[in-house]
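Structure file query-v2.pdb (PDB, C-alpha atoms) follows.
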```
ATOM      1  CA  MET Q 493      29.335 -49.058  -1.141
ATOM      2  CA  PRO Q 494      25.947 -49.659  -2.789
ATOM      3  CA  VAL Q 495      24.275 -46.547  -4.198
ATOM      4  CA  LEU Q 496      20.883 -47.480  -2.713
ATOM      5  CA  GLY Q 497      20.437 -48.603   0.871
ATOM      6  CA  PHE Q 498      17.867 -49.616   3.463
ATOM      7  CA  GLY Q 499      17.529 -47.613   6.679
ATOM      8  CA  VAL Q 500      15.886 -48.761   9.893
ATOM      9  CA  TYR Q 501      15.145 -45.417  11.573
ATOM     10  CA  GLN Q 502      11.798 -45.496  13.434
ATOM     11  CA  ILE Q 503      11.335 -49.213  12.798
ATOM     12  CA  PRO Q 504      10.493 -50.739  16.199
ATOM     13  CA  PRO Q 505      12.971 -53.349  17.431
ATOM     14  CA  GLU Q 506      10.342 -56.083  17.240
ATOM     15  CA  LYS Q 507       9.862 -55.401  13.504
ATOM     16  CA  THR Q 508      13.466 -54.642  12.582
ATOM     17  CA  LYS Q 509      14.768 -58.173  12.087
ATOM     18  CA  GLN Q 510      12.058 -59.135   9.603
ATOM     19  CA  ALA Q 511      12.298 -55.789   7.801
ATOM     20  CA  VAL Q 512      16.044 -56.242   7.284
ATOM     21  CA  LEU Q 513      15.581 -59.852   6.158
ATOM     22  CA  ASP Q 514      12.960 -58.692   3.646
ATOM     23  CA  ALA Q 515      15.208 -55.889   2.425
ATOM     24  CA  ILE Q 516      18.157 -58.224   1.886
ATOM     25  CA  GLU Q 517      15.904 -60.686   0.059
ATOM     26  CA  ALA Q 518      14.695 -57.815  -2.134
ATOM     27  CA  GLY Q 519      18.292 -57.097  -3.131
ATOM     28  CA  TYR Q 520      19.525 -54.445  -0.701
ATOM     29  CA  ARG Q 521      23.075 -54.856   0.532
ATOM     30  CA  LEU Q 522      23.553 -51.547   2.364
ATOM     31  CA  ILE Q 523      21.847 -51.552   5.781
ATOM     32  CA  ASP Q 524      21.913 -48.364   7.871
ATOM     33  CA  THR Q 525      21.248 -48.276  11.614
ATOM     34  CA  ALA Q 526      22.400 -46.156  14.573
ATOM     35  CA  GLN Q 527      22.901 -46.357  18.306
ATOM     36  CA  MET Q 528      20.010 -43.957  18.765
ATOM     37  CA  TYR Q 529      17.614 -46.203  16.800
ATOM     38  CA  GLN Q 530      17.997 -48.851  19.515
ATOM     39  CA  ASN Q 531      17.692 -51.724  17.042
ATOM     40  CA  GLU Q 532      21.328 -52.660  16.327
ATOM     41  CA  THR Q 533      20.820 -56.049  17.981
ATOM     42  CA  GLU Q 534      17.924 -56.918  15.689
ATOM     43  CA  VAL Q 535      19.867 -55.752  12.622
ATOM     44  CA  GLY Q 536      22.679 -58.065  13.712
ATOM     45  CA  GLU Q 537      20.290 -60.984  14.107
ATOM     46  CA  ALA Q 538      19.039 -60.458  10.548
ATOM     47  CA  ILE Q 539      22.601 -60.292   9.216
ATOM     48  CA  GLY Q 540      23.391 -63.565  10.927
ATOM     49  CA  GLU Q 541      20.346 -65.324   9.496
ATOM     50  CA  CYS Q 542      20.010 -63.803   6.011
ATOM     51  CA  GLY Q 543      22.181 -66.345   4.206
ATOM     52  CA  VAL Q 544      24.149 -63.651   2.371
ATOM     53  CA  SER Q 545      27.898 -63.632   2.952
ATOM     54  CA  ARG Q 546      29.232 -60.876   5.212
ATOM     55  CA  GLU Q 547      31.486 -59.588   2.436
ATOM     56  CA  GLU Q 548      28.443 -58.793   0.256
ATOM     57  CA  LEU Q 549      26.850 -56.604   2.934
ATOM     58  CA  PHE Q 550      27.686 -53.010   3.812
ATOM     59  CA  ILE Q 551      26.656 -52.182   7.379
ATOM     60  CA  THR Q 552      26.514 -48.646   8.734
ATOM     61  CA  THR Q 553      25.900 -47.445  12.262
ATOM     62  CA  LYS Q 554      26.146 -44.040  13.881
ATOM     63  CA  VAL Q 555      27.549 -42.832  17.213
ATOM     64  CA  TRP Q 556      25.028 -40.854  19.228
ATOM     65  CA  VAL Q 557      26.063 -37.408  20.436
ATOM     66  CA  GLY Q 558      25.775 -38.570  24.055
ATOM     67  CA  ASN Q 559      28.672 -40.938  23.342
ATOM     68  CA  TYR Q 560      31.049 -38.274  22.030
ATOM     69  CA  GLY Q 561      34.512 -37.637  23.365
ATOM     70  CA  TYR Q 562      37.369 -40.046  22.701
ATOM     71  CA  ASP Q 563      36.818 -42.624  25.450
ATOM     72  CA  ASN Q 564      33.023 -42.694  25.236
ATOM     73  CA  CYS Q 565      33.021 -42.935  21.457
ATOM     74  CA  ARG Q 566      35.484 -45.798  21.350
ATOM     75  CA  ALA Q 567      33.599 -47.751  24.016
ATOM     76  CA  SER Q 568      30.278 -47.167  22.278
ATOM     77  CA  VAL Q 569      31.531 -48.429  18.896
ATOM     78  CA  LEU Q 570      32.902 -51.569  20.535
ATOM     79  CA  LYS Q 571      29.460 -52.019  22.104
ATOM     80  CA  SER Q 572      27.831 -51.524  18.691
ATOM     81  CA  LEU Q 573      30.085 -54.236  17.276
ATOM     82  CA  GLU Q 574      28.916 -56.530  20.058
ATOM     83  CA  ARG Q 575      25.232 -55.741  19.503
ATOM     84  CA  LEU Q 576      25.573 -56.229  15.752
ATOM     85  CA  GLY Q 577      27.506 -59.462  16.266
ATOM     86  CA  LEU Q 578      30.159 -58.387  13.759
ATOM     87  CA  ASP Q 579      33.937 -58.502  13.577
ATOM     88  CA  TYR Q 580      33.973 -55.153  11.768
ATOM     89  CA  ILE Q 581      31.585 -52.405  10.699
ATOM     90  CA  ASP Q 582      31.787 -51.091   7.153
ATOM     91  CA  LEU Q 583      30.983 -47.471   8.043
ATOM     92  CA  VAL Q 584      30.618 -45.588  11.325
ATOM     93  CA  LEU Q 585      29.358 -42.009  11.366
ATOM     94  CA  LEU Q 586      29.164 -39.295  14.006
ATOM     95  CA  HIS Q 587      25.412 -38.744  14.136
ATOM     96  CA  GLN Q 588      25.224 -35.041  15.017
ATOM     97  CA  PRO Q 589      27.515 -31.980  14.697
ATOM     98  CA  PHE Q 590      27.488 -31.070  18.399
ATOM     99  CA  SER Q 591      29.486 -31.684  21.594
ATOM    100  CA  ASP Q 592      33.035 -33.100  21.441
ATOM    101  CA  TYR Q 593      32.987 -34.381  17.890
ATOM    102  CA  TYR Q 594      36.740 -33.804  17.636
ATOM    103  CA  GLY Q 595      37.458 -36.333  20.379
ATOM    104  CA  ALA Q 596      34.893 -38.744  18.963
ATOM    105  CA  TYR Q 597      36.341 -38.503  15.483
ATOM    106  CA  LYS Q 598      39.826 -39.231  16.805
ATOM    107  CA  ALA Q 599      38.441 -42.456  18.280
ATOM    108  CA  LEU Q 600      36.921 -43.364  14.913
ATOM    109  CA  GLU Q 601      40.245 -42.731  13.195
ATOM    110  CA  GLU Q 602      41.990 -45.143  15.541
ATOM    111  CA  LEU Q 603      39.276 -47.787  15.137
ATOM    112  CA  TYR Q 604      39.713 -47.366  11.378
ATOM    113  CA  GLU Q 605      43.471 -47.860  11.662
ATOM    114  CA  GLU Q 606      42.858 -51.013  13.732
ATOM    115  CA  GLY Q 607      40.550 -52.437  11.064
ATOM    116  CA  LEU Q 608      37.504 -52.664  13.319
ATOM    117  CA  VAL Q 609      35.861 -49.993  11.173
ATOM    118  CA  LYS Q 610      36.404 -49.997   7.409
ATOM    119  CA  SER Q 611      35.401 -46.375   6.801
ATOM    120  CA  ILE Q 612      34.343 -43.382   8.892
ATOM    121  CA  GLY Q 613      32.355 -40.216   8.381
ATOM    122  CA  VAL Q 614      29.785 -37.806   9.746
ATOM    123  CA  SER Q 615      26.069 -37.111   9.577
ATOM    124  CA  ASN Q 616      24.092 -33.866   9.527
ATOM    125  CA  PHE Q 617      27.215 -31.715   9.315
ATOM    126  CA  TYR Q 618      26.499 -28.361   7.687
ATOM    127  CA  PRO Q 619      29.107 -27.100   5.192
ATOM    128  CA  ASP Q 620      30.992 -25.027   7.776
ATOM    129  CA  ARG Q 621      31.335 -27.894  10.254
ATOM    130  CA  LEU Q 622      32.189 -30.379   7.538
ATOM    131  CA  THR Q 623      34.967 -28.111   6.286
ATOM    132  CA  ASP Q 624      36.117 -27.680   9.887
ATOM    133  CA  ILE Q 625      36.532 -31.409  10.490
ATOM    134  CA  CYS Q 626      38.112 -31.935   7.067
ATOM    135  CA  LEU Q 627      40.775 -29.242   7.539
ATOM    136  CA  PHE Q 628      41.752 -29.082  11.178
ATOM    137  CA  GLY Q 629      43.809 -31.913  12.599
ATOM    138  CA  ARG Q 630      42.120 -34.810  10.847
ATOM    139  CA  LYS Q 631      44.197 -37.729   9.628
ATOM    140  CA  VAL Q 632      41.308 -39.335   7.739
ATOM    141  CA  ILE Q 633      38.890 -37.287   5.638
ATOM    142  CA  PRO Q 634      35.260 -38.318   6.282
ATOM    143  CA  ALA Q 635      34.191 -40.767   3.598
ATOM    144  CA  ILE Q 636      30.516 -39.824   3.965
ATOM    145  CA  ASN Q 637      28.333 -36.976   5.134
ATOM    146  CA  GLN Q 638      24.802 -38.288   5.600
ATOM    147  CA  VAL Q 639      22.297 -35.437   5.364
ATOM    148  CA  GLU Q 640      18.640 -34.796   4.656
ATOM    149  CA  ALA Q 641      18.099 -34.522   0.904
ATOM    150  CA  ASN Q 642      14.818 -34.525  -0.969
ATOM    151  CA  PRO Q 643      13.175 -32.403  -3.689
ATOM    152  CA  PHE Q 644      12.183 -29.738  -1.137
ATOM    153  CA  ASN Q 645      15.656 -29.582   0.416
ATOM    154  CA  ALA Q 646      17.932 -30.562  -2.448
ATOM    155  CA  GLN Q 647      21.241 -29.565  -0.811
ATOM    156  CA  TYR Q 648      22.943 -28.434  -4.034
ATOM    157  CA  ALA Q 649      25.365 -26.060  -2.287
ATOM    158  CA  ALA Q 650      26.111 -28.595   0.452
ATOM    159  CA  GLN Q 651      26.879 -31.240  -2.157
ATOM    160  CA  ALA Q 652      29.273 -28.891  -3.934
ATOM    161  CA  ASN Q 653      31.096 -28.308  -0.635
ATOM    162  CA  MET Q 654      31.300 -32.047   0.020
ATOM    163  CA  GLU Q 655      32.746 -32.658  -3.434
ATOM    164  CA  LYS Q 656      35.288 -29.879  -2.852
ATOM    165  CA  ASN Q 657      36.404 -31.657   0.330
ATOM    166  CA  GLY Q 658      36.396 -35.144  -1.176
ATOM    167  CA  VAL Q 659      33.384 -36.330   0.835
ATOM    168  CA  GLN Q 660      30.596 -38.498  -0.606
ATOM    169  CA  MET Q 661      27.053 -37.246   0.015
ATOM    170  CA  GLN Q 662      24.486 -39.682   1.358
ATOM    171  CA  ALA Q 663      20.789 -38.823   1.633
ATOM    172  CA  TRP Q 664      18.330 -39.581   4.384
ATOM    173  CA  ALA Q 665      14.594 -38.750   4.182
ATOM    174  CA  PRO Q 666      14.517 -38.729   0.358
ATOM    175  CA  PHE Q 667      10.714 -38.714   0.568
ATOM    176  CA  ALA Q 668      10.624 -36.003   3.288
ATOM    177  CA  GLU Q 669       8.552 -38.499   5.304
ATOM    178  CA  GLY Q 670       5.609 -37.647   3.062
ATOM    179  CA  LYS Q 671       5.591 -33.948   3.940
ATOM    180  CA  ASN Q 672       4.112 -31.399   1.506
ATOM    181  CA  ASP Q 673       2.119 -34.232  -0.123
ATOM    182  CA  ILE Q 674       5.297 -35.205  -1.917
ATOM    183  CA  PHE Q 675       3.847 -38.315  -3.550
ATOM    184  CA  ASP Q 676       1.015 -36.267  -5.064
ATOM    185  CA  ASN Q 677       3.212 -33.382  -6.171
ATOM    186  CA  GLU Q 678       2.119 -32.319  -9.661
ATOM    187  CA  ILE Q 679       5.634 -32.152 -11.088
ATOM    188  CA  LEU Q 680       6.757 -35.477  -9.635
ATOM    189  CA  VAL Q 681       3.549 -37.221 -10.725
ATOM    190  CA  LYS Q 682       3.935 -35.870 -14.273
ATOM    191  CA  ILE Q 683       7.562 -37.050 -14.500
ATOM    192  CA  ALA Q 684       6.577 -40.426 -13.027
ATOM    193  CA  GLU Q 685       3.830 -40.931 -15.618
ATOM    194  CA  LYS Q 686       6.194 -39.879 -18.408
ATOM    195  CA  ASN Q 687       8.712 -42.558 -17.333
ATOM    196  CA  ASN Q 688       6.129 -45.193 -16.338
ATOM    197  CA  LYS Q 689       7.383 -45.100 -12.766
ATOM    198  CA  THR Q 690       6.124 -43.956  -9.357
ATOM    199  CA  PRO Q 691       6.943 -40.576  -7.780
ATOM    200  CA  ALA Q 692       9.042 -42.424  -5.180
ATOM    201  CA  GLN Q 693      11.089 -44.101  -7.914
ATOM    202  CA  VAL Q 694      11.571 -40.746  -9.639
ATOM    203  CA  ILE Q 695      12.877 -39.177  -6.407
ATOM    204  CA  LEU Q 696      15.349 -41.997  -5.830
ATOM    205  CA  ARG Q 697      16.498 -41.879  -9.445
ATOM    206  CA  TRP Q 698      16.933 -38.092  -9.228
ATOM    207  CA  LEU Q 699      19.279 -38.486  -6.268
ATOM    208  CA  VAL Q 700      21.208 -41.365  -7.843
ATOM    209  CA  GLU Q 701      21.716 -39.339 -11.021
ATOM    210  CA  ARG Q 702      23.230 -36.618  -8.834
ATOM    211  CA  SER Q 703      25.778 -39.230  -7.643
ATOM    212  CA  ILE Q 704      24.234 -39.322  -4.175
ATOM    213  CA  VAL Q 705      23.973 -42.527  -2.136
ATOM    214  CA  VAL Q 706      20.357 -42.872  -0.988
ATOM    215  CA  LEU Q 707      18.734 -44.476   2.043
ATOM    216  CA  PHE Q 708      15.048 -45.199   2.371
ATOM    217  CA  LYS Q 709      12.898 -47.014   4.927
ATOM    218  CA  SER Q 710       9.784 -49.187   4.785
ATOM    219  CA  VAL Q 711       8.426 -52.251   6.537
ATOM    220  CA  LYS Q 712       6.424 -53.216   3.445
ATOM    221  CA  LYS Q 713       8.118 -55.779   1.217
ATOM    222  CA  GLU Q 714       6.345 -54.506  -1.906
ATOM    223  CA  ARG Q 715       7.750 -51.003  -1.331
ATOM    224  CA  MET Q 716      11.248 -52.412  -0.916
ATOM    225  CA  VAL Q 717      10.949 -54.232  -4.238
ATOM    226  CA  GLU Q 718       9.474 -51.201  -5.978
ATOM    227  CA  ASN Q 719      12.049 -48.738  -4.699
ATOM    228  CA  ILE Q 720      15.071 -50.752  -5.774
ATOM    229  CA  ASP Q 721      13.672 -50.923  -9.318
ATOM    230  CA  ILE Q 722      15.170 -47.631 -10.503
ATOM    231  CA  PHE Q 723      18.009 -48.742 -12.723
ATOM    232  CA  ASP Q 724      16.084 -49.286 -15.963
ATOM    233  CA  PHE Q 725      15.281 -45.635 -16.734
ATOM    234  CA  ALA Q 726      16.924 -42.206 -16.689
ATOM    235  CA  LEU Q 727      15.660 -38.678 -16.145
ATOM    236  CA  ASP Q 728      16.331 -36.207 -18.927
ATOM    237  CA  ASP Q 729      17.526 -32.618 -18.480
ATOM    238  CA  GLU Q 730      13.962 -31.296 -18.474
ATOM    239  CA  ASP Q 731      12.993 -33.674 -15.663
ATOM    240  CA  MET Q 732      16.018 -32.674 -13.601
ATOM    241  CA  PHE Q 733      15.311 -28.979 -14.148
ATOM    242  CA  GLU Q 734      11.667 -29.313 -13.128
ATOM    243  CA  ILE Q 735      12.575 -31.151  -9.927
ATOM    244  CA  MET Q 736      15.120 -28.422  -9.200
ATOM    245  CA  SER Q 737      12.237 -25.915  -9.159
ATOM    246  CA  LEU Q 738      10.794 -27.653  -6.065
ATOM    247  CA  ASP Q 739      13.802 -26.840  -3.893
ATOM    248  CA  LYS Q 740      12.986 -24.585  -0.928
ATOM    249  CA  SER Q 741      16.525 -24.827   0.488
ATOM    250  CA  GLU Q 742      15.244 -25.443   3.989
ATOM    251  CA  SER Q 743      14.994 -28.511   6.174
ATOM    252  CA  MET Q 744      11.738 -30.381   6.523
ATOM    253  CA  PHE Q 745      12.881 -31.429  10.002
ATOM    254  CA  HIS Q 746      15.693 -29.635  11.882
ATOM    255  CA  ASP Q 747      17.552 -26.350  11.488
ATOM    256  CA  TYR Q 748      20.885 -27.247  13.070
ATOM    257  CA  LEU Q 749      21.771 -23.559  13.333
ATOM    258  CA  ASN Q 750      18.825 -22.979  15.686
ATOM    259  CA  PRO Q 751      19.853 -23.063  19.396
ATOM    260  CA  GLU Q 752      16.495 -24.627  20.290
ATOM    261  CA  VAL Q 753      17.320 -27.586  18.058
ATOM    262  CA  VAL Q 754      20.618 -28.073  19.901
ATOM    263  CA  GLU Q 755      18.684 -27.999  23.185
ATOM    264  CA  TRP Q 756      16.298 -30.634  21.792
ATOM    265  CA  PHE Q 757      19.213 -32.968  21.059
ATOM    266  CA  ASP Q 758      20.501 -32.417  24.589
ATOM    267  CA  ARG Q 759      17.101 -33.430  25.999
ATOM    268  CA  LYS Q 760      17.001 -36.451  23.667
ATOM    269  CA  THR Q 761      20.431 -37.521  24.870
ATOM    270  CA  PHE Q 762      19.238 -37.290  28.481
ATOM    271  CA  GLN Q 763      16.148 -39.418  27.688
ATOM    272  CA  LEU Q 764      18.251 -42.091  25.976
ATOM    273  CA  SER Q 765      20.648 -42.257  28.928
ATOM    274  CA  LYS Q 766      17.876 -43.006  31.441
TER     275      LYS Q 766
END
```
Before we go any further, please render this structure as structure tokens.
Amino acid sequence: MPVLGFGVYQIPPEKTKQAVLDAIEAGYRLIDTAQMYQNETEVGEAIGECGVSREELFITTKVWVGNYGYDNCRASVLKSLERLGLDYIDLVLLHQPFSDYYGAYKALEELYEEGLVKSIGVSNFYPDRLTDICLFGRKVIPAINQVEANPFNAQYAAQANMEKNGVQMQAWAPFAEGKNDIFDNEILVKIAEKNNKTPAQVILRWLVERSIVVLFKSVKKERMVENIDIFDFALDDEDMFEIMSLDKSESMFHDYLNPEVVEWFDRKTFQLSK
């Protein structure tokens, strides 16, 4: 699995195909989509036209919470395969830690055993729920837990729990979608100038040096090229310590322990089913 990947969240379907083609041309081989993004078809079209062999690409999708339960999950993954136009998917994740994720995970395990899915995992699972699914009745330990991780929500404790359970951490929203003026942050700008890089490159390098797989999104080709150019420098201990000081240990987006957030996902599921 590549350590740096391209995500297509919030990219409109009509722009997704070209964005993925540009990303692959820029050197990305990990492409991350989801049923909820409603652009799997366009990702599949790009894969079919990119000219890169299937074996070189690592394709991820995610099962939406409205498709949980054994039967629904299995049917939805088969539909994702059809939309993507693939014979197999490299990684399938359960997108949210709610509803019947036990039944859904069982379906993923069977799809994994059948070879239709090469690896399985979860997304947005807090440490308690990740430990739950790792310990109780699982035949296959999740390969990945994809969670929000950025300088303001560094997820140090969550990463330690993942490592304890043998789960690889993957980061979404490494730039916190620009919140808290992240690209103008004094500490990140100083470290960027010191290393002759951009704040965005520093953030990605910080996550990679923590052995975290990172996903980022852009429709701008120049940003794709810039953000993959992080393998010719390293952060020193002082840089890592200063970035650590930015951690607020709270989400920039959703508190999954808040009942109102669970209700929001229920409403979102209803909207997507209409």
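For the structure in this document, the set picked by the PyMOL selection byres ((chain Q and resi 534-551) around 7) is Q:Met493, Q:Pro505, Q:Thr508, Q:Lys509, Q:Val512, Q:Leu513, Q:Arg521, Q:Leu522, Q:Ile523, Q:Asp524, Q:Asn531, Q:Glu532, Q:Thr533, Q:Thr552, Q:Thr553, Q:Arg575, Q:Leu576, Q:Gly577, Q:Ile581, Q:Asp582, Q:Leu583.
When all atoms listed in the file are used to compute distances to Glu640 in chain Q, the closest of the residues Q:Glu669, Q:Asp624, Q:Glu701, Q:Glu714 turns out to be Q:Glu669.
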Translate the PyMOL selection byres ((chain Q and resi 563-574) around 10) into a concrete residue list for this structure, as a VMD selection string. chain Q and resid 526 to 527 532 to 533 536 553 to 562 575 to 581 584 586 592 to 593 595 to 603 608 to 609
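If only C-alpha atoms are the atoms counted, then among Q:Tyr529, Q:Phe617, Q:Phe498, Q:Phe733 the closest residue to Glu517 in chain Q is Q:Phe498.
Minimum atom-to-atom distance to Gln638 in chain Q, evaluated using all atoms listed in the file, belongs to Q:Leu707 out of Q:Leu707, Q:Thr690, Q:Glu655, Q:Tyr594.
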- Which residues, written as a VMD selection string, have at least one atom at most 12 Å from Leu622 in chain Q, with only C-alpha atoms counted and residues fewer than 5 positions away on the same chain left out? chain Q and resid 586 588 to 590 593 to 594 613 to 617 627 to 628 630 633 to 639 650 to 661
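Interatomic distance, CA of Val717 in chain Q against CA of Gln530 in chain Q: 25.4 Å.
Take CA of Glu506 in chain Q and CA of Phe708 in chain Q: the distance between them is 19.0 Å.
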Min atom-atom distance to Gly497 in chain Q from the set Q:Phe644, Q:Trp664, Q:Phe723, Q:Phe757, counting only C-alpha atoms, belongs to Q:Trp664
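On the file presented, the PyMOL selection byres ((chain Q and resi 697) around 9) picks out Ala692, Gln693, Val694, Ile695, Leu696, Trp698, Leu699, Val700, Glu701, Arg702, Ile722, Phe723, Phe725, Ala726 and Leu727 of chain Q.
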Phe745 in chain Q proximity check over Q:Leu680, Q:Ala665, Q:Ala646, Q:Val500, using only C-alpha atoms: winner is Q:Ala665
